[in-house]
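Pasting input33.cif here (mmCIF, C-alpha atoms):
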```cif
data_entry
#
loop_
_atom_site.label_atom_id
_atom_site.label_comp_id
_atom_site.auth_asym_id
_atom_site.auth_seq_id
_atom_site.Cartn_x
_atom_site.Cartn_y
_atom_site.Cartn_z
CA MET A 1 92.20 70.13 27.87
CA PRO A 2 93.36 72.51 30.65
CA LYS A 3 96.98 72.70 31.73
CA PHE A 4 97.67 72.42 35.47
CA THR A 5 100.60 73.76 37.46
CA TYR A 6 101.17 71.37 40.33
CA ILE A 7 103.20 70.64 43.45
CA ALA A 8 103.90 66.97 44.23
CA ARG A 9 106.22 64.66 46.13
CA SER A 10 108.14 61.66 44.89
CA ALA A 11 108.19 58.32 46.69
CA ALA A 12 111.52 59.38 48.21
CA GLY A 13 109.90 62.54 49.65
CA GLU A 14 111.40 64.99 47.14
CA ARG A 15 109.29 68.08 46.32
CA ILE A 16 108.42 68.34 42.62
CA THR A 17 106.78 71.20 40.69
CA GLY A 18 105.71 71.23 37.07
CA GLU A 19 102.98 71.59 34.46
CA LYS A 20 100.84 68.89 32.87
CA GLU A 21 97.65 68.68 30.82
CA ALA A 22 94.76 66.75 32.40
CA THR A 23 90.95 66.71 32.27
CA ASN A 24 90.69 67.53 36.00
CA GLN A 25 92.65 67.33 39.26
CA LYS A 26 91.64 63.70 39.85
CA ASN A 27 92.93 62.73 36.42
CA LEU A 28 96.16 64.66 37.11
CA ALA A 29 96.62 62.84 40.45
CA GLU A 30 96.16 59.46 38.71
CA MET A 31 98.66 60.37 35.98
CA LEU A 32 101.27 61.43 38.53
CA LYS A 33 100.60 58.39 40.68
CA SER A 34 101.43 56.13 37.73
CA GLU A 35 104.83 57.82 37.77
CA SER A 36 105.20 57.16 41.54
CA VAL A 37 104.61 60.86 42.23
CA PHE A 38 101.91 62.00 44.66
CA LEU A 39 99.99 65.23 44.06
CA ILE A 40 99.92 67.85 46.87
CA SER A 41 98.15 70.77 45.16
CA ALA A 42 97.24 71.89 41.64
CA GLN A 43 95.72 74.87 39.88
CA VAL A 44 94.61 75.49 36.31
CA LYS A 45 97.29 77.65 34.69
CA GLY A 46 96.19 81.23 34.15
CA ARG A 47 93.01 80.94 36.22
CA LYS A 48 92.24 83.84 38.51
CA LYS A 49 92.13 83.05 42.20
CA LEU A 50 88.98 84.96 43.14
CA THR A 51 86.43 82.70 41.48
CA GLN A 52 83.48 80.87 42.96
CA ILE A 53 85.36 77.57 42.77
CA ASP A 54 88.39 79.03 44.53
CA ILE A 55 86.20 80.52 47.29
CA PHE A 56 84.64 77.11 47.81
CA GLY A 57 88.13 75.61 47.88
CA PHE A 58 89.19 78.20 50.46
CA TRP A 59 86.31 77.08 52.70
CA LYS A 60 87.39 73.46 52.30
CA LYS A 61 90.86 74.45 53.49
CA ILE A 62 89.77 76.31 56.63
CA ARG A 63 86.85 74.18 57.81
CA PRO A 64 87.67 71.78 60.67
CA VAL A 65 88.11 68.09 59.96
CA SER A 66 84.82 66.35 60.75
CA LEU A 67 84.41 63.30 62.96
CA LEU A 68 82.97 61.40 59.99
CA GLU A 69 86.13 62.05 57.92
CA LYS A 70 88.36 60.79 60.74
CA MET A 71 86.17 57.73 61.19
CA MET A 72 86.45 56.83 57.48
CA PHE A 73 90.21 57.51 57.60
CA SER A 74 90.67 55.06 60.50
CA ARG A 75 88.51 52.38 58.94
CA ASN A 76 90.14 52.60 55.49
CA LEU A 77 93.66 52.71 56.95
CA ALA A 78 92.89 49.58 59.01
CA VAL A 79 91.73 47.76 55.86
CA MET A 80 94.82 48.80 53.88
CA ILE A 81 97.28 47.80 56.62
CA SER A 82 95.53 44.43 57.14
CA ALA A 83 95.82 43.87 53.36
CA GLY A 84 99.60 44.22 53.65
CA LEU A 85 100.10 47.73 52.23
CA PRO A 86 102.93 49.78 53.81
CA ILE A 87 101.63 52.57 56.04
CA VAL A 88 103.24 55.34 53.94
CA ARG A 89 101.65 54.08 50.74
CA SER A 90 98.31 53.72 52.54
CA LEU A 91 98.48 57.29 53.83
CA ASP A 92 99.37 58.67 50.39
CA ALA A 93 96.36 56.89 48.89
CA LEU A 94 94.03 58.17 51.64
CA ALA A 95 95.32 61.74 51.19
CA THR A 96 94.06 61.80 47.60
CA GLN A 97 90.65 60.49 48.73
CA ALA A 98 90.08 62.97 51.58
CA GLU A 99 87.38 65.57 50.83
CA SER A 100 88.81 68.23 53.15
CA ALA A 101 91.85 70.05 51.72
CA LYS A 102 93.06 70.61 55.27
CA PHE A 103 92.84 66.90 56.06
CA GLN A 104 94.67 66.06 52.82
CA GLU A 105 97.54 68.30 53.88
CA VAL A 106 97.64 66.79 57.37
CA ILE A 107 97.72 63.21 56.06
CA ARG A 108 100.50 64.05 53.58
CA ASP A 109 102.56 65.72 56.34
CA VAL A 110 102.08 62.65 58.56
CA SER A 111 103.24 60.46 55.67
CA ASP A 112 106.31 62.67 55.09
CA ASN A 113 107.23 62.54 58.79
CA ILE A 114 107.08 58.74 58.75
CA ARG A 115 109.37 58.70 55.70
CA GLN A 116 111.84 60.81 57.68
CA GLY A 117 111.97 58.18 60.44
CA LYS A 118 109.32 59.30 62.93
CA SER A 119 106.77 56.88 64.31
CA PHE A 120 103.08 57.10 63.36
CA LYS A 121 102.23 58.27 66.88
CA GLU A 122 104.89 61.01 66.86
CA SER A 123 103.63 62.22 63.49
CA LEU A 124 100.02 62.39 64.71
CA GLU A 125 101.02 64.27 67.88
CA GLN A 126 101.90 67.31 65.76
CA TYR A 127 98.18 67.80 64.96
CA PRO A 128 96.34 67.82 68.32
CA LYS A 129 93.39 69.73 66.82
CA VAL A 130 92.79 66.92 64.31
CA PHE A 131 93.87 63.82 66.27
CA ASN A 132 92.96 64.00 69.96
CA GLU A 133 94.80 62.34 72.85
CA LEU A 134 92.56 59.27 72.68
CA PHE A 135 93.44 58.66 69.02
CA VAL A 136 97.17 59.26 69.47
CA SER A 137 97.50 57.08 72.60
CA MET A 138 95.69 54.13 71.07
CA VAL A 139 97.74 54.35 67.87
CA GLY A 140 100.91 54.38 69.99
CA VAL A 141 99.82 51.18 71.76
CA GLY A 142 98.93 49.59 68.41
CA GLU A 143 102.36 50.40 66.98
CA THR A 144 104.18 49.01 70.02
CA SER A 145 102.14 45.80 70.20
CA GLY A 146 101.95 45.18 66.45
CA THR A 147 98.14 45.39 66.43
CA LEU A 148 97.75 48.73 64.67
CA GLU A 149 95.01 47.53 62.30
CA ASP A 150 92.95 46.21 65.26
CA VAL A 151 93.39 49.47 67.17
CA LEU A 152 92.36 51.53 64.13
CA GLU A 153 89.25 49.39 63.76
CA ILE A 154 88.40 49.97 67.44
CA LEU A 155 88.91 53.72 66.94
CA ALA A 156 86.62 53.67 63.89
CA ARG A 157 83.89 51.92 65.91
CA GLN A 158 84.40 54.39 68.78
CA MET A 159 84.02 57.38 66.44
CA LYS A 160 80.99 55.77 64.77
CA ARG A 161 79.30 55.53 68.18
CA ASP A 162 80.20 59.15 68.97
CA TYR A 163 78.93 60.27 65.56
CA ASP A 164 75.61 58.43 66.02
CA LEU A 165 75.24 59.89 69.51
CA ARG A 166 75.85 63.45 68.31
CA SER A 167 73.49 62.99 65.35
CA LYS A 168 70.67 61.86 67.63
CA ILE A 169 71.17 64.80 70.00
CA ARG A 170 71.41 67.25 67.09
CA GLY A 171 68.25 65.78 65.57
CA ALA A 172 66.36 66.08 68.87
CA LEU A 173 67.30 69.76 69.21
CA THR A 174 66.48 70.69 65.59
CA TYR A 175 62.75 71.20 66.23
CA PRO A 176 63.02 73.48 69.30
CA ILE A 177 65.82 75.53 67.71
CA ALA A 178 63.77 75.97 64.52
CA VAL A 179 60.67 77.06 66.48
CA ILE A 180 62.61 79.54 68.64
CA SER A 181 64.39 80.94 65.54
CA VAL A 182 61.04 81.53 63.79
CA MET A 183 59.70 83.15 66.97
CA ILE A 184 62.66 85.55 67.06
CA VAL A 185 62.21 86.46 63.36
CA VAL A 186 58.47 87.09 63.87
CA GLY A 187 59.26 89.18 66.96
CA ILE A 188 61.73 91.35 64.99
CA ILE A 189 59.18 91.85 62.18
CA MET A 190 56.51 92.90 64.70
CA MET A 191 58.86 95.30 66.48
CA THR A 192 59.93 96.99 63.24
CA THR A 193 56.61 97.06 61.31
CA VAL A 194 53.54 96.58 63.54
CA ILE A 195 54.58 98.33 66.76
CA PRO A 196 55.62 101.63 65.06
CA LYS A 197 52.11 101.97 63.51
CA ILE A 198 50.45 101.39 66.89
CA THR A 199 52.89 103.85 68.48
CA ASP A 200 51.81 106.58 66.02
CA THR A 201 48.20 106.02 67.11
CA PHE A 202 49.11 106.41 70.79
CA LYS A 203 51.02 109.61 70.03
CA GLU A 204 48.01 111.10 68.21
CA LEU A 205 45.70 110.30 71.12
CA ASN A 206 48.24 111.71 73.62
CA VAL A 207 47.39 109.25 76.42
CA ALA A 208 49.43 108.05 79.40
CA LEU A 209 50.98 104.67 78.72
CA PRO A 210 51.74 101.89 81.25
CA PRO A 211 55.39 100.91 81.88
CA MET A 212 55.13 97.70 79.81
CA THR A 213 53.95 99.63 76.77
CA VAL A 214 56.64 102.29 77.20
CA PHE A 215 59.28 99.54 77.33
CA VAL A 216 58.01 97.86 74.13
CA ILE A 217 57.84 101.20 72.26
CA ALA A 218 61.36 102.14 73.42
CA LEU A 219 62.68 98.76 72.28
CA SER A 220 60.95 99.17 68.90
CA ASP A 221 62.41 102.68 68.46
CA PHE A 222 65.88 101.40 69.31
CA MET A 223 65.62 98.57 66.75
CA LEU A 224 64.45 100.99 64.06
CA LYS A 225 67.06 103.67 64.70
CA PHE A 226 70.05 101.51 65.66
CA TRP A 227 69.35 98.25 63.80
CA TYR A 228 73.01 98.08 62.74
CA PHE A 229 73.95 97.58 66.42
CA LEU A 230 71.94 94.34 66.64
CA PRO A 231 74.55 92.12 64.86
CA VAL A 232 77.28 93.72 66.99
CA ILE A 233 75.33 93.04 70.19
CA ALA A 234 74.62 89.45 69.09
CA GLY A 235 78.31 88.97 68.27
CA LEU A 236 79.41 90.36 71.65
CA ILE A 237 76.94 88.11 73.49
CA PHE A 238 78.24 85.09 71.58
CA TYR A 239 81.86 86.09 72.24
CA PHE A 240 81.40 86.58 76.00
CA PHE A 241 79.34 83.39 76.21
CA ARG A 242 82.21 81.45 74.60
CA ARG A 243 84.72 83.11 76.94
CA LEU A 244 82.53 82.28 79.93
CA LEU A 245 82.39 78.62 78.92
CA LYS A 246 86.21 78.48 79.05
CA THR A 247 86.39 79.71 82.65
CA GLU A 248 86.23 77.43 85.70
CA ALA A 249 83.12 79.19 87.01
CA GLY A 250 81.41 79.01 83.61
CA LYS A 251 82.12 75.29 83.18
CA ARG A 252 80.85 74.59 86.69
CA SER A 253 77.69 76.67 86.24
CA PHE A 254 76.70 75.22 82.88
CA GLY A 255 77.66 71.72 84.03
CA TRP A 256 75.31 72.08 87.00
CA LEU A 257 72.60 73.51 84.75
CA TRP A 258 72.66 70.57 82.33
CA LEU A 259 72.50 68.12 85.24
CA HIS A 260 69.47 69.80 86.85
CA LEU A 261 67.49 71.41 84.00
CA PRO A 262 64.52 69.29 82.88
CA PRO A 263 64.28 67.55 80.44
CA PHE A 264 68.07 67.56 79.86
CA SER A 265 69.16 66.37 83.32
CA GLY A 266 68.58 62.64 82.74
CA LEU A 267 69.84 62.81 79.17
CA SER A 268 73.10 64.51 80.24
CA ARG A 269 73.85 61.73 82.75
CA LYS A 270 73.14 59.03 80.16
CA ILE A 271 75.30 60.69 77.48
CA ASN A 272 78.29 61.10 79.80
CA SER A 273 77.88 57.57 81.23
CA ALA A 274 77.81 56.14 77.68
CA ARG A 275 80.88 58.12 76.59
CA PHE A 276 82.80 57.26 79.77
CA SER A 277 82.08 53.54 79.40
CA ARG A 278 82.80 53.38 75.66
CA THR A 279 86.05 55.38 75.81
CA LEU A 280 87.45 53.56 78.84
CA ALA A 281 86.56 50.16 77.33
CA SER A 282 88.31 51.04 74.04
CA LEU A 283 91.47 52.27 75.77
CA VAL A 284 91.81 49.34 78.19
CA LYS A 285 91.08 46.84 75.41
CA SER A 286 93.86 48.42 73.31
CA GLY A 287 96.35 47.91 76.15
CA VAL A 288 96.54 51.43 77.59
CA PRO A 289 97.19 51.28 81.38
CA ILE A 290 94.09 51.99 83.50
CA VAL A 291 95.47 55.21 85.04
CA LYS A 292 96.40 56.64 81.63
CA SER A 293 93.05 55.45 80.26
CA LEU A 294 91.18 57.36 82.97
CA GLU A 295 93.23 60.49 82.28
CA ILE A 296 92.38 60.36 78.56
CA THR A 297 88.73 59.51 79.27
CA GLN A 298 88.48 62.53 81.56
CA ASN A 299 89.41 64.81 78.66
CA THR A 300 86.76 63.33 76.34
CA LEU A 301 83.82 64.07 78.68
CA GLY A 302 81.87 67.28 78.22
CA ASN A 303 80.37 67.87 81.67
CA TYR A 304 82.50 69.60 84.32
CA PHE A 305 81.34 67.37 87.19
CA PHE A 306 81.89 64.14 85.27
CA LYS A 307 85.42 65.33 84.42
CA LYS A 308 86.15 66.01 88.10
CA SER A 309 84.78 62.62 89.16
CA ILE A 310 87.08 60.78 86.71
CA GLN A 311 90.04 62.90 87.82
CA ARG A 312 89.30 61.90 91.42
CA ALA A 313 88.93 58.24 90.35
CA LYS A 314 92.29 58.35 88.55
CA GLU A 315 94.02 59.67 91.68
CA ALA A 316 92.36 56.98 93.81
CA VAL A 317 93.30 54.16 91.40
CA GLU A 318 96.93 55.40 91.46
CA LYS A 319 96.85 54.86 95.24
CA GLY A 320 95.57 51.30 94.85
CA LYS A 321 91.85 51.86 95.26
CA ASN A 322 89.27 50.16 93.02
CA LEU A 323 87.51 52.25 90.39
CA HIS A 324 83.99 51.46 91.56
CA GLU A 325 84.75 52.57 95.14
CA THR A 326 85.47 56.13 94.01
CA LEU A 327 82.55 56.29 91.58
CA GLU A 328 80.17 55.23 94.36
CA GLU A 329 80.93 58.56 96.04
CA TYR A 330 79.26 60.29 93.07
CA SER A 331 75.82 58.70 93.31
CA ASP A 332 74.28 61.89 91.88
CA LEU A 333 76.22 61.27 88.62
CA TYR A 334 76.54 57.49 88.28
CA PRO A 335 73.50 55.29 88.91
CA PRO A 336 73.97 52.12 91.02
CA LEU A 337 73.89 50.02 87.82
CA VAL A 338 77.19 51.57 86.66
CA THR A 339 79.12 51.19 89.92
CA GLN A 340 77.80 47.70 90.65
CA LEU A 341 78.65 46.32 87.20
CA ILE A 342 82.10 47.94 87.27
CA ALA A 343 82.66 46.28 90.66
CA VAL A 344 81.73 42.91 89.12
CA GLY A 345 84.05 43.58 86.16
CA GLU A 346 86.98 44.42 88.45
CA GLU A 347 86.41 41.31 90.59
CA THR A 348 86.09 38.92 87.63
CA GLY A 349 88.68 40.52 85.34
CA GLN A 350 85.97 41.28 82.74
CA LEU A 351 86.05 45.07 83.07
CA VAL A 352 86.33 45.69 79.30
CA ASP A 353 83.29 43.54 78.49
CA ILE A 354 81.27 45.09 81.32
CA LEU A 355 82.11 48.63 80.19
CA ALA A 356 81.23 47.79 76.58
CA ARG A 357 77.84 46.45 77.68
CA LEU A 358 77.23 49.53 79.83
CA ALA A 359 78.05 51.72 76.83
CA LEU A 360 75.60 49.84 74.63
CA PHE A 361 72.90 50.07 77.30
CA TYR A 362 73.26 53.82 77.82
CA GLU A 363 73.58 54.52 74.10
CA GLY A 364 70.25 52.75 73.72
CA GLU A 365 68.83 54.85 76.56
CA VAL A 366 70.05 58.04 74.84
CA SER A 367 68.45 56.89 71.58
CA ARG A 368 65.09 56.34 73.30
CA ALA A 369 65.33 59.61 75.21
CA THR A 370 66.14 61.68 72.12
CA LYS A 371 63.16 60.19 70.26
CA ASN A 372 60.88 61.61 72.96
CA MET A 373 62.83 64.86 73.33
CA SER A 374 60.59 66.87 71.01
CA THR A 375 57.51 65.74 72.92
CA LEU A 376 59.09 66.74 76.24
CA ILE A 377 60.35 70.10 74.99
CA GLU A 378 57.15 71.06 73.15
CA PRO A 379 55.21 72.16 76.30
CA ILE A 380 58.18 74.30 77.41
CA ILE A 381 58.33 75.97 73.99
CA MET A 382 54.58 76.60 74.05
CA ILE A 383 54.89 78.23 77.47
CA ILE A 384 57.72 80.48 76.21
CA ILE A 385 55.76 81.44 73.08
CA GLY A 386 52.59 82.01 75.13
CA ALA A 387 54.45 84.20 77.61
CA ALA A 388 56.02 86.29 74.80
CA VAL A 389 52.72 86.71 72.95
CA GLY A 390 50.91 87.49 76.20
CA PHE A 391 53.47 90.13 77.15
CA PHE A 392 53.17 91.95 73.81
CA ALA A 393 49.38 91.59 73.77
CA ILE A 394 49.00 93.08 77.25
CA ALA A 395 51.51 95.83 76.51
CA MET A 396 49.61 96.93 73.38
CA ILE A 397 45.99 96.10 74.25
CA GLN A 398 45.96 97.54 77.79
CA PRO A 399 46.33 101.20 76.60
CA MET A 400 43.68 100.64 73.92
CA TYR A 401 41.31 99.23 76.52
CA SER A 402 41.93 102.29 78.71
CA ILE A 403 41.21 104.61 75.76
CA VAL A 404 37.93 102.80 74.95
CA GLN A 405 36.86 103.03 78.61
CA GLY A 406 37.59 106.79 78.53
CA PHE A 407 35.03 107.21 75.75
#
```

As a first step, turn the structure in this file into structure tokens.
Amino acid sequence: MPKFTYIARSAAGERITGEKEATNQKNLAEMLKSESVFLISAQVKGRKKLTQIDIFGFWKKIRPVSLLEKMMFSRNLAVMISAGLPIVRSLDALATQAESAKFQEVIRDVSDNIRQGKSFKESLEQYPKVFNELFVSMVGVGETSGTLEDVLEILARQMKRDYDLRSKIRGALTYPIAVISVMIVVGIIMMTTVIPKITDTFKELNVALPPMTVFVIALSDFMLKFWYFLPVIAGLIFYFFRRLLKTEAGKRSFGWLWLHLPPFSGLSRKINSARFSRTLASLVKSGVPIVKSLEITQNTLGNYFFKKSIQRAKEAVEKGKNLHETLEEYSDLYPPLVTQLIAVGEETGQLVDILARLALFYEGEVSRATKNMSTLIEPIIMIIIGAAVGFFAIAMIQPMYSIVQGF
């Protein structure tokens, strides 16, 4: 049985280090828990750090906390609190269950902060990259109103909807990305194996080549001689693309592109309408004031123009204007169905229910649209592939045709 060196905390928050024999880390955690001590980290005594297991553990520490992990955290914490368990004990139990080492550490730190007298909201605010403003604000309202378990359940449902939405979009884009990736690989193989052989033939015949052929041969020579620059170039393109997306001009340009590029234009409007409706409904239902709810909702939307429209709506609502009146000014973003139903919700006091129904409707629309996405994108991909194949065919066949005619 291996011996572990471990770091743990007592129920009073005291840091404890020691050694103990156990079959594995889970068994060690259970043994310490029976002594009212909660495991933070452990390592087999004498084991070298640079092993395959340790490398995998290193990845678990640095990878970001997934939406699915946060969803399960919210749902399980809601169940534990509703069952009467103290929040600190609930958090300690969830820390041992978390798959991500980074998330385990975050949950334990949150638990420690609560032991020291901080509120749950204040403890979560220290980790903005894990718990966003939406999560923190709703937890704060739940703490104040005594409905924390209900708020956590709402958050879990909200994240489940977001997770399903992202999964559908990711699934719809898998096929085109796979086809384009294969096309790029085939293109690289042709440029580095087939084109050089044809180039040797042209050199032997000593014939004048058209500009297209000269360009393809030059590109092939570059890839053969300076292939080690290709990863650097790809990395630089990715880096500058990411930097561009963080600028005002980049956000505006790509936001406009997604709203006008078929077949993504309609899908982009539906996704943002669904997220806007779902997030605002969750916040207002939890008791967050409408102005604060709009501010938080603005930060959850991905498209630049939708963000600006909600910012404008927030400013108008602060001045006493109705929400639907401002959204009607953005008829290119929000269809009449959205503004009309929001107007009905504001007049009847049923805004939360109306927004929830709008979210369900547009989530259904996104689901239907993503099912047909592959069919809509397929002709575009075929045109791209046809154009690429045609370009290379003309560039290589045209000189051969000229040579044959010369004979």

Under the rule that all atoms listed in the file are counted, which of A:Ser137, A:Ser10, A:Gln116, A:Thr17 is the nearest residue to Ser34 (chain A)? A:Ser10

When the PyMOL selection byres ((chain A and resi 113) around 12) is applied to the file above, which residues end up in the set, as a ChimeraX atom specification? /A:12-13,87-88,91,106-112,114-126

Quick one: distance from CA of Met31 (chain A) to CA of Ala78 (chain A) in Å, one decimal?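 CA of Ala78 (chain A) lies 26.1 Å from CA of Met31 (chain A).
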
Since I can't run it myself right now, could you work out what the PyMOL selection byres ((chain A and resi 75) around 12) selects here and report it as a PyMOL selection string? chain A and resi 68-74+76-82+90+94+148-160

Quote the spacing between CA of Arg278 (chain A) and CA of Leu360 (chain A) in Å to one decimal place.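 The value is 8.1 Å.
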
Go through the shown structure with the PyMOL selection byres ((chain A and resi 369) around 12) and write out the matching residues as a PDB file with C-alpha atoms, in the frame of the given file.
```
ATOM      1  CA  LEU A 165      75.240  59.890  69.510  1.00  0.00           C
ATOM      2  CA  LYS A 168      70.670  61.860  67.630  1.00  0.00           C
ATOM      3  CA  ILE A 169      71.170  64.800  70.000  1.00  0.00           C
ATOM      4  CA  GLY A 171      68.250  65.780  65.570  1.00  0.00           C
ATOM      5  CA  ALA A 172      66.360  66.080  68.870  1.00  0.00           C
ATOM      6  CA  LEU A 173      67.300  69.760  69.210  1.00  0.00           C
ATOM      7  CA  PRO A 263      64.280  67.550  80.440  1.00  0.00           C
ATOM      8  CA  PHE A 264      68.070  67.560  79.860  1.00  0.00           C
ATOM      9  CA  SER A 265      69.160  66.370  83.320  1.00  0.00           C
ATOM     10  CA  GLY A 266      68.580  62.640  82.740  1.00  0.00           C
ATOM     11  CA  LEU A 267      69.840  62.810  79.170  1.00  0.00           C
ATOM     12  CA  SER A 268      73.100  64.510  80.240  1.00  0.00           C
ATOM     13  CA  ARG A 269      73.850  61.730  82.750  1.00  0.00           C
ATOM     14  CA  LYS A 270      73.140  59.030  80.160  1.00  0.00           C
ATOM     15  CA  ILE A 271      75.300  60.690  77.480  1.00  0.00           C
ATOM     16  CA  TYR A 362      73.260  53.820  77.820  1.00  0.00           C
ATOM     17  CA  GLU A 363      73.580  54.520  74.100  1.00  0.00           C
ATOM     18  CA  GLY A 364      70.250  52.750  73.720  1.00  0.00           C
ATOM     19  CA  GLU A 365      68.830  54.850  76.560  1.00  0.00           C
ATOM     20  CA  VAL A 366      70.050  58.040  74.840  1.00  0.00           C
ATOM     21  CA  SER A 367      68.450  56.890  71.580  1.00  0.00           C
ATOM     22  CA  ARG A 368      65.090  56.340  73.300  1.00  0.00           C
ATOM     23  CA  THR A 370      66.140  61.680  72.120  1.00  0.00           C
ATOM     24  CA  LYS A 371      63.160  60.190  70.260  1.00  0.00           C
ATOM     25  CA  ASN A 372      60.880  61.610  72.960  1.00  0.00           C
ATOM     26  CA  MET A 373      62.830  64.860  73.330  1.00  0.00           C
ATOM     27  CA  SER A 374      60.590  66.870  71.010  1.00  0.00           C
ATOM     28  CA  THR A 375      57.510  65.740  72.920  1.00  0.00           C
ATOM     29  CA  LEU A 376      59.090  66.740  76.240  1.00  0.00           C
ATOM     30  CA  ILE A 377      60.350  70.100  74.990  1.00  0.00           C
TER      31      ILE A 377
END
```

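Near Val352 (chain A), within a cut-off of 8 Å and counting all atoms listed in the file, sit the residues Leu280, Ala281, Ser282, Val284, Lys285, Gly345, Gln350, Ile354, Leu355 and Ala356 of chain A, with same-chain residues fewer than 2 positions away left out.
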
Grab the CA of Arg312 (chain A) to CA of Ser273 (chain A) distance for me, in Å with one decimal place.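 According to the coordinates, CA of Arg312 (chain A) and CA of Ser273 (chain A) are separated by 15.9 Å.
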
Axis-aligned box for region 175-194 of chain A, 6 Å per side, centre and edges in Å as AutoDock Vina command-line options:
```
--center_x 59.7 --center_y 84.1 --center_z 65.3 --size_x 24.3 --size_y 37.9 --size_z 20.0
```

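With only C-alpha atoms as the atoms that count, the residue of A:Ala95, A:Ala249, A:Val288, A:Met400 with the shortest distance to Phe305 (chain A) is A:Ala249.
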
Determine, counting all atoms listed in the file, which protein, DNA and RNA residues have an atom within 8 Å of an atom of Val179 (chain A); residues of the same chain fewer than 4 positions away are not included. Present the result as a PDB file with C-alpha atoms, in the coordinates of the input.
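As a result, selection08.pdb now contains:
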```pdb
ATOM      1  CA  TYR A 175      62.750  71.200  66.230  1.00  0.00           C
ATOM      2  CA  MET A 183      59.700  83.150  66.970  1.00  0.00           C
ATOM      3  CA  ILE A 381      58.330  75.970  73.990  1.00  0.00           C
TER       4      ILE A 381
END
```

I need the residue nearest Phe276 (chain A) from this list: A:His324, A:Arg170, A:Lys307, A:Arg252. Use only C-alpha atoms for the distance.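 Smallest separation from Phe276 (chain A) among the options: A:Lys307.
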
Report as a ChimeraX atom specification all protein, DNA and RNA residues lying within 10 Å of Val44 (chain A), evaluated on only C-alpha atoms, omitting residues in the same chain fewer than 4 positions from it. /A:2-6,19-22,24-25,48-49
